[in-house]
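Peer 1: Before anything else, here's the structure in question.
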Amino acid sequence: MGSPARPRVQVIGPSRIPTGFRSAAPTLCVRMMRQMRVVEKRQLLSADEIGRTLQRLAHEIVEKSGGTKDLALIGVRRRGVPLSERLAKTIRTSSGVDIPVGTIDITLYRDDLSTVGPQPVVHSNEINFPVDDRDLVIVDDVLYTGRTIRAAMNGLFDLGRPKRIRLCVLIDRGHREMPIEASFVGSHVQTSDTEIVEVHLKEVDGDERVVLVDRVP
């Protein structure tokens, strides 16, 4: 008999660092890349399933918004950006309306006087339309602690006074530290503290799938 198949093990790279950590200071990234190995446990979504999920989410956004009036999408860099662009394309195809799409970039900032670790802050944004009185939907790949989304909301309020801000995520993996919930969720996934949800998108990664991996020593 042949040897049993071994689980796939890989060293995590910069684009694989989970949401909330992947934009950390360089020293943090280097330390994580040196120490963190992950083993793939199972596939959560295939490319076709991602496509169908985004179709559903786009229709839900329009339906629960009462149409496209004042609607705009804000993608959280990195993978929230192509997701928001795909949602906008689907909405345009179904309704014939081009809704504005912006980008917000969240990074981790560590104050040497802080005792609570790196905090997400807005690094930059590309929002070429006024947010006042807009019905904004923040789009991200994975919702985890909620800290990244809180930083994004704070950044949007610095730009003006939206009529409403809601959240759309492809995956909600739980473990919230903030009272933040998504209005539009592709899939709820139960995870442990050591597990990571990896979203692969062709625009960023060259392939298309969502997988659950676990950290190994």
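Identifiers in this document derive from the order of the structure tokens: chains are assigned A, B, ..., residues are numbered from 1 separately in each chain, and ligands are numbered from 1 in order of occurrence.
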So that I can see what lies close to A:Val131, please list as a CSV table (one decimal) with all heavy atoms, in the first residue's frame the residues with an atom at most 9 Å from it, counting only C-alpha atoms and leaving out residues fewer than 6 positions away in the same chain.
Peer 2:
chain,number,residue,atom,x,y,z
A,72,ALA,N,-23.2,53.6,-3.0
A,72,ALA,CA,-21.8,53.6,-3.4
A,72,ALA,C,-21.1,52.4,-2.7
A,72,ALA,O,-21.5,52.1,-1.5
A,72,ALA,CB,-21.2,54.9,-3.1
A,156,LEU,N,-14.2,57.0,6.9
A,156,LEU,CA,-15.3,57.5,6.0
A,156,LEU,C,-16.0,58.7,6.7
A,156,LEU,O,-16.3,59.7,6.0
A,156,LEU,CB,-16.3,56.4,5.7
A,156,LEU,CG,-15.8,55.3,4.8
A,156,LEU,CD1,-16.8,54.2,4.8
A,156,LEU,CD2,-15.5,55.9,3.4
A,157,PHE,N,-16.2,58.7,8.0
A,157,PHE,CA,-16.8,59.8,8.7
A,157,PHE,C,-15.9,61.0,8.7
A,157,PHE,O,-16.4,62.1,8.8
A,157,PHE,CB,-17.2,59.4,10.1
A,157,PHE,CG,-18.5,58.6,10.2
A,157,PHE,CD1,-18.5,57.3,10.7
A,157,PHE,CD2,-19.6,59.2,9.8
A,157,PHE,CE1,-19.7,56.6,10.8
A,157,PHE,CE2,-20.8,58.5,9.9
A,157,PHE,CZ,-20.9,57.2,10.4
A,159,LEU,N,-14.4,62.0,6.2
A,159,LEU,CA,-14.6,62.6,4.8
A,159,LEU,C,-16.0,63.3,4.7
A,159,LEU,O,-16.2,64.1,3.8
A,159,LEU,CB,-14.5,61.5,3.7
A,159,LEU,CG,-13.2,60.8,3.6
A,159,LEU,CD1,-13.2,59.7,2.6
A,159,LEU,CD2,-12.1,61.8,3.3
A,160,GLY,N,-16.9,63.0,5.6
A,160,GLY,CA,-18.2,63.6,5.5
A,160,GLY,C,-19.2,62.9,6.3
A,160,GLY,O,-18.9,62.1,7.2
A,161,ARG,N,-20.5,63.0,6.0
A,161,ARG,CA,-21.6,62.4,6.8
A,161,ARG,C,-22.5,61.6,5.9
A,161,ARG,O,-23.4,62.1,5.3
A,161,ARG,CB,-22.4,63.5,7.5
A,161,ARG,CG,-21.7,64.1,8.7
A,161,ARG,CD,-21.5,63.1,9.8
A,161,ARG,NE,-20.6,63.6,10.9
A,161,ARG,CZ,-19.4,63.5,11.0
A,161,ARG,NH1,-18.7,62.8,10.1
A,161,ARG,NH2,-18.7,63.9,12.0
A,162,PRO,N,-22.1,60.3,5.7
A,162,PRO,CA,-23.0,59.4,4.9
A,162,PRO,C,-24.4,59.3,5.5
A,162,PRO,O,-24.5,59.4,6.7
A,162,PRO,CB,-22.2,58.1,4.9
A,162,PRO,CG,-20.8,58.4,5.4
A,162,PRO,CD,-21.0,59.6,6.3
A,163,LYS,N,-25.3,59.0,4.7
A,163,LYS,CA,-26.7,58.7,5.2
A,163,LYS,C,-26.7,57.4,6.0
A,163,LYS,O,-27.4,57.3,6.9
A,163,LYS,CB,-27.6,58.6,4.0
A,163,LYS,CG,-29.1,58.3,4.3
A,163,LYS,CD,-30.0,58.4,3.1
A,163,LYS,CE,-29.6,57.5,2.0
A,163,LYS,NZ,-30.5,57.6,0.8
Peer 1: Identify, on the basis of only C-alpha atoms, every residue whose closest approach to A:Arg52 does not exceed 12 Å; exclude the query and any residue fewer than 3 positions from it along the same chain; express the result as a ChimeraX atom specification.
Peer 2: /A:45-49,55-59,86-87,90,170,186-187
Peer 1: Create the file for the chosen residues now, containing all heavy atoms and written as a short mmCIF file (atom, residue, chain, number, x, y, z; two decimals), in the first residue's frame.
Peer 2:
data_model
loop_
_atom_site.label_atom_id
_atom_site.label_comp_id
_atom_site.auth_asym_id
_atom_site.auth_seq_id
_atom_site.Cartn_x
_atom_site.Cartn_y
_atom_site.Cartn_z
N LEU A 45 -15.02 27.54 -0.68
CA LEU A 45 -15.75 27.98 -1.87
C LEU A 45 -14.88 27.77 -3.10
O LEU A 45 -13.68 28.05 -3.08
CB LEU A 45 -16.12 29.47 -1.77
CG LEU A 45 -17.13 29.91 -0.71
CD1 LEU A 45 -17.25 31.43 -0.72
CD2 LEU A 45 -18.48 29.26 -0.93
N SER A 46 -15.49 27.28 -4.16
CA SER A 46 -14.81 27.17 -5.46
C SER A 46 -14.98 28.48 -6.22
O SER A 46 -15.70 29.39 -5.79
CB SER A 46 -15.40 26.02 -6.26
OG SER A 46 -16.76 26.32 -6.61
N ALA A 47 -14.35 28.57 -7.38
CA ALA A 47 -14.49 29.77 -8.21
C ALA A 47 -15.95 29.99 -8.60
O ALA A 47 -16.46 31.12 -8.54
CB ALA A 47 -13.61 29.64 -9.45
N ASP A 48 -16.63 28.92 -9.02
CA ASP A 48 -18.04 29.05 -9.40
C ASP A 48 -18.90 29.49 -8.22
O ASP A 48 -19.82 30.30 -8.37
CB ASP A 48 -18.56 27.72 -9.95
CG ASP A 48 -18.01 27.42 -11.33
OD1 ASP A 48 -17.52 28.35 -12.00
OD2 ASP A 48 -18.07 26.24 -11.75
N GLU A 49 -18.60 28.94 -7.05
CA GLU A 49 -19.38 29.31 -5.86
C GLU A 49 -19.13 30.75 -5.46
O GLU A 49 -20.05 31.45 -5.01
CB GLU A 49 -19.04 28.36 -4.71
CG GLU A 49 -19.59 26.95 -4.93
CD GLU A 49 -19.05 25.95 -3.95
OE1 GLU A 49 -17.89 26.12 -3.48
OE2 GLU A 49 -19.76 24.97 -3.65
N GLN A 55 -23.09 37.24 -7.08
CA GLN A 55 -24.34 37.55 -7.76
C GLN A 55 -25.45 37.76 -6.73
O GLN A 55 -26.22 38.72 -6.81
CB GLN A 55 -24.70 36.43 -8.71
CG GLN A 55 -23.81 36.30 -9.94
CD GLN A 55 -24.25 37.21 -11.08
OE1 GLN A 55 -25.35 37.76 -11.07
NE2 GLN A 55 -23.38 37.38 -12.06
N ARG A 56 -25.54 36.85 -5.78
CA ARG A 56 -26.58 36.96 -4.75
C ARG A 56 -26.40 38.21 -3.90
O ARG A 56 -27.37 38.93 -3.63
CB ARG A 56 -26.55 35.71 -3.85
CG ARG A 56 -27.47 35.83 -2.63
CD ARG A 56 -27.50 34.55 -1.83
NE ARG A 56 -26.22 34.15 -1.31
CZ ARG A 56 -25.67 34.65 -0.19
NH1 ARG A 56 -26.29 35.61 0.48
NH2 ARG A 56 -24.51 34.19 0.23
N LEU A 57 -25.16 38.48 -3.50
CA LEU A 57 -24.90 39.65 -2.66
C LEU A 57 -25.25 40.94 -3.39
O LEU A 57 -25.82 41.87 -2.80
CB LEU A 57 -23.44 39.66 -2.23
CG LEU A 57 -23.03 38.58 -1.21
CD1 LEU A 57 -21.52 38.60 -1.01
CD2 LEU A 57 -23.75 38.79 0.11
N ALA A 58 -24.93 41.02 -4.69
CA ALA A 58 -25.24 42.22 -5.46
C ALA A 58 -26.75 42.47 -5.49
O ALA A 58 -27.21 43.61 -5.31
CB ALA A 58 -24.69 42.10 -6.88
N HIS A 59 -27.52 41.41 -5.70
CA HIS A 59 -28.97 41.55 -5.73
C HIS A 59 -29.52 41.92 -4.36
O HIS A 59 -30.45 42.73 -4.25
CB HIS A 59 -29.62 40.26 -6.24
CG HIS A 59 -29.37 40.00 -7.69
ND1 HIS A 59 -29.79 40.85 -8.70
CD2 HIS A 59 -28.74 38.97 -8.33
CE1 HIS A 59 -29.44 40.37 -9.88
NE2 HIS A 59 -28.80 39.23 -9.68
N ARG A 86 -16.46 43.81 -8.75
CA ARG A 86 -17.32 42.78 -9.32
C ARG A 86 -18.78 43.01 -8.95
O ARG A 86 -19.68 42.81 -9.78
CB ARG A 86 -16.88 41.40 -8.82
CG ARG A 86 -15.53 40.95 -9.33
CD ARG A 86 -15.36 39.47 -9.04
NE ARG A 86 -13.97 39.07 -8.96
CZ ARG A 86 -13.57 37.84 -8.70
NH1 ARG A 86 -14.47 36.89 -8.49
NH2 ARG A 86 -12.29 37.54 -8.62
N LEU A 87 -19.03 43.41 -7.70
CA LEU A 87 -20.39 43.71 -7.28
C LEU A 87 -20.98 44.85 -8.11
O LEU A 87 -22.13 44.79 -8.56
CB LEU A 87 -20.42 44.05 -5.79
CG LEU A 87 -20.16 42.90 -4.82
CD1 LEU A 87 -19.96 43.44 -3.42
CD2 LEU A 87 -21.31 41.90 -4.84
N THR A 90 -21.90 43.63 -11.55
CA THR A 90 -23.14 42.86 -11.54
C THR A 90 -24.36 43.77 -11.42
O THR A 90 -25.37 43.56 -12.10
CB THR A 90 -23.12 41.85 -10.37
OG1 THR A 90 -22.02 40.95 -10.54
CG2 THR A 90 -24.42 41.05 -10.33
N LEU A 170 -17.46 38.60 2.05
CA LEU A 170 -17.58 37.28 1.43
C LEU A 170 -17.68 36.20 2.49
O LEU A 170 -18.48 35.27 2.38
CB LEU A 170 -16.38 37.02 0.51
CG LEU A 170 -16.41 35.74 -0.31
CD1 LEU A 170 -17.60 35.72 -1.26
CD2 LEU A 170 -15.10 35.58 -1.10
N GLY A 186 -21.66 36.53 2.48
CA GLY A 186 -21.64 35.43 1.53
C GLY A 186 -21.76 34.09 2.21
O GLY A 186 -22.58 33.24 1.83
N SER A 187 -20.95 33.87 3.27
CA SER A 187 -20.96 32.59 3.96
C SER A 187 -20.46 32.78 5.39
O SER A 187 -19.49 33.51 5.61
CB SER A 187 -20.09 31.57 3.23
OG SER A 187 -20.10 30.32 3.89
#
Peer 1: Between A:Thr68, A:Ser124, A:Gln119, A:Gln190, which residue has the minimum interatomic distance to A:Asp98, considering only C-alpha atoms?
Peer 2: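 Nearest candidate to A:Asp98 out of A:Thr68, A:Ser124, A:Gln119, A:Gln190: A:Thr68.
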Peer 1: Just the number, please: distance in Å from atom CA of A:Glu195 to atom CA of A:Glu177, one decimal.
Peer 2: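 A separation of 16.6 Å between them.
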Peer 1: Show which residues sit within 9 Å of A:Phe184, as a ChimeraX atom specification. Count only C-alpha atoms, and ignore same-chain residues fewer than 4 positions away.
Peer 2: /A:57,60-61,166-170
Peer 1: Mind pulling up the distance from atom CA of A:Pro217 to atom CA of A:Arg37?
Peer 2: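 Atom-to-atom, atom CA of A:Arg37 to atom CA of A:Pro217, that is 6.7 Å.
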Peer 1: List every residue of stretch 151-191 of chain A that DSSP, applied to the backbone, labels as helix (DSSP H, G or I), and write the result as a VMD selection string.
Peer 2: chain A and resid 151 to 159
Peer 1: Quick one: write out the picked residues with N, CA and C atoms as an mmCIF file, in the first residue's frame?
Peer 2:
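Final output, selection.cif:
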data_model
loop_
_atom_site.group_PDB
_atom_site.id
_atom_site.type_symbol
_atom_site.label_atom_id
_atom_site.label_comp_id
_atom_site.auth_asym_id
_atom_site.auth_seq_id
_atom_site.Cartn_x
_atom_site.Cartn_y
_atom_site.Cartn_z
ATOM 1 N N ALA A 151 -11.979 50.960 11.746
ATOM 2 C CA ALA A 151 -11.063 51.973 11.219
ATOM 3 C C ALA A 151 -11.572 52.536 9.899
ATOM 4 N N ALA A 152 -12.126 51.663 9.048
ATOM 5 C CA ALA A 152 -12.668 52.126 7.774
ATOM 6 C C ALA A 152 -13.847 53.070 7.994
ATOM 7 N N MET A 153 -14.724 52.746 8.924
ATOM 8 C CA MET A 153 -15.861 53.608 9.219
ATOM 9 C C MET A 153 -15.406 54.961 9.744
ATOM 10 N N ASN A 154 -14.416 54.945 10.633
ATOM 11 C CA ASN A 154 -13.892 56.213 11.146
ATOM 12 C C ASN A 154 -13.322 57.064 10.020
ATOM 13 N N GLY A 155 -12.621 56.405 9.083
ATOM 14 C CA GLY A 155 -12.054 57.138 7.951
ATOM 15 C C GLY A 155 -13.125 57.735 7.058
ATOM 16 N N LEU A 156 -14.215 57.023 6.865
ATOM 17 C CA LEU A 156 -15.298 57.547 6.030
ATOM 18 C C LEU A 156 -15.990 58.730 6.705
ATOM 19 N N PHE A 157 -16.173 58.664 8.013
ATOM 20 C CA PHE A 157 -16.786 59.784 8.717
ATOM 21 C C PHE A 157 -15.878 61.016 8.725
ATOM 22 N N ASP A 158 -14.577 60.797 8.590
ATOM 23 C CA ASP A 158 -13.656 61.938 8.470
ATOM 24 C C ASP A 158 -13.860 62.677 7.153
ATOM 25 N N LEU A 159 -14.422 61.984 6.153
ATOM 26 C CA LEU A 159 -14.625 62.592 4.835
ATOM 27 C C LEU A 159 -15.973 63.289 4.704
#
Peer 1: So how many Å separate atom CA of A:Pro179 and atom CA of A:Tyr144, to one decimal?
Peer 2: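 Between these atoms lies a distance of 11.5 Å.
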Peer 1: A:Lys69, A:Arg79, A:Arg147, A:Lys41: which is nearest A:Val199, counting only C-alpha atoms?
Peer 2: A:Arg79
Peer 1: Can you work out which one of A:Val38, A:Leu71, A:Asn125, A:Ile180 has the shortest atom-to-atom distance to A:Ile196, counting only C-alpha atoms?
Peer 2: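 Answer, going by the shortest atom-to-atom distance: A:Val38.
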Peer 1: Can you tell me which residues surround A:Val76 at a distance of at most 12 Å, considering only C-alpha atoms, apart from same-chain residues fewer than 6 positions away, and format the answer as number ranges by chain?
Peer 2: A: 19-20, 23, 82-85, 101-107, 122-127, 137-143, 148-153, 155-156, 167-169
Peer 1: Going by DSSP on the backbone, which bits of stretch 75-171 of chain A are strand (DSSP E or B)? Write them as an MDAnalysis selection string, please.
Peer 2: chainID A and resid 75:76 101:109 119:126 135:143 164:171
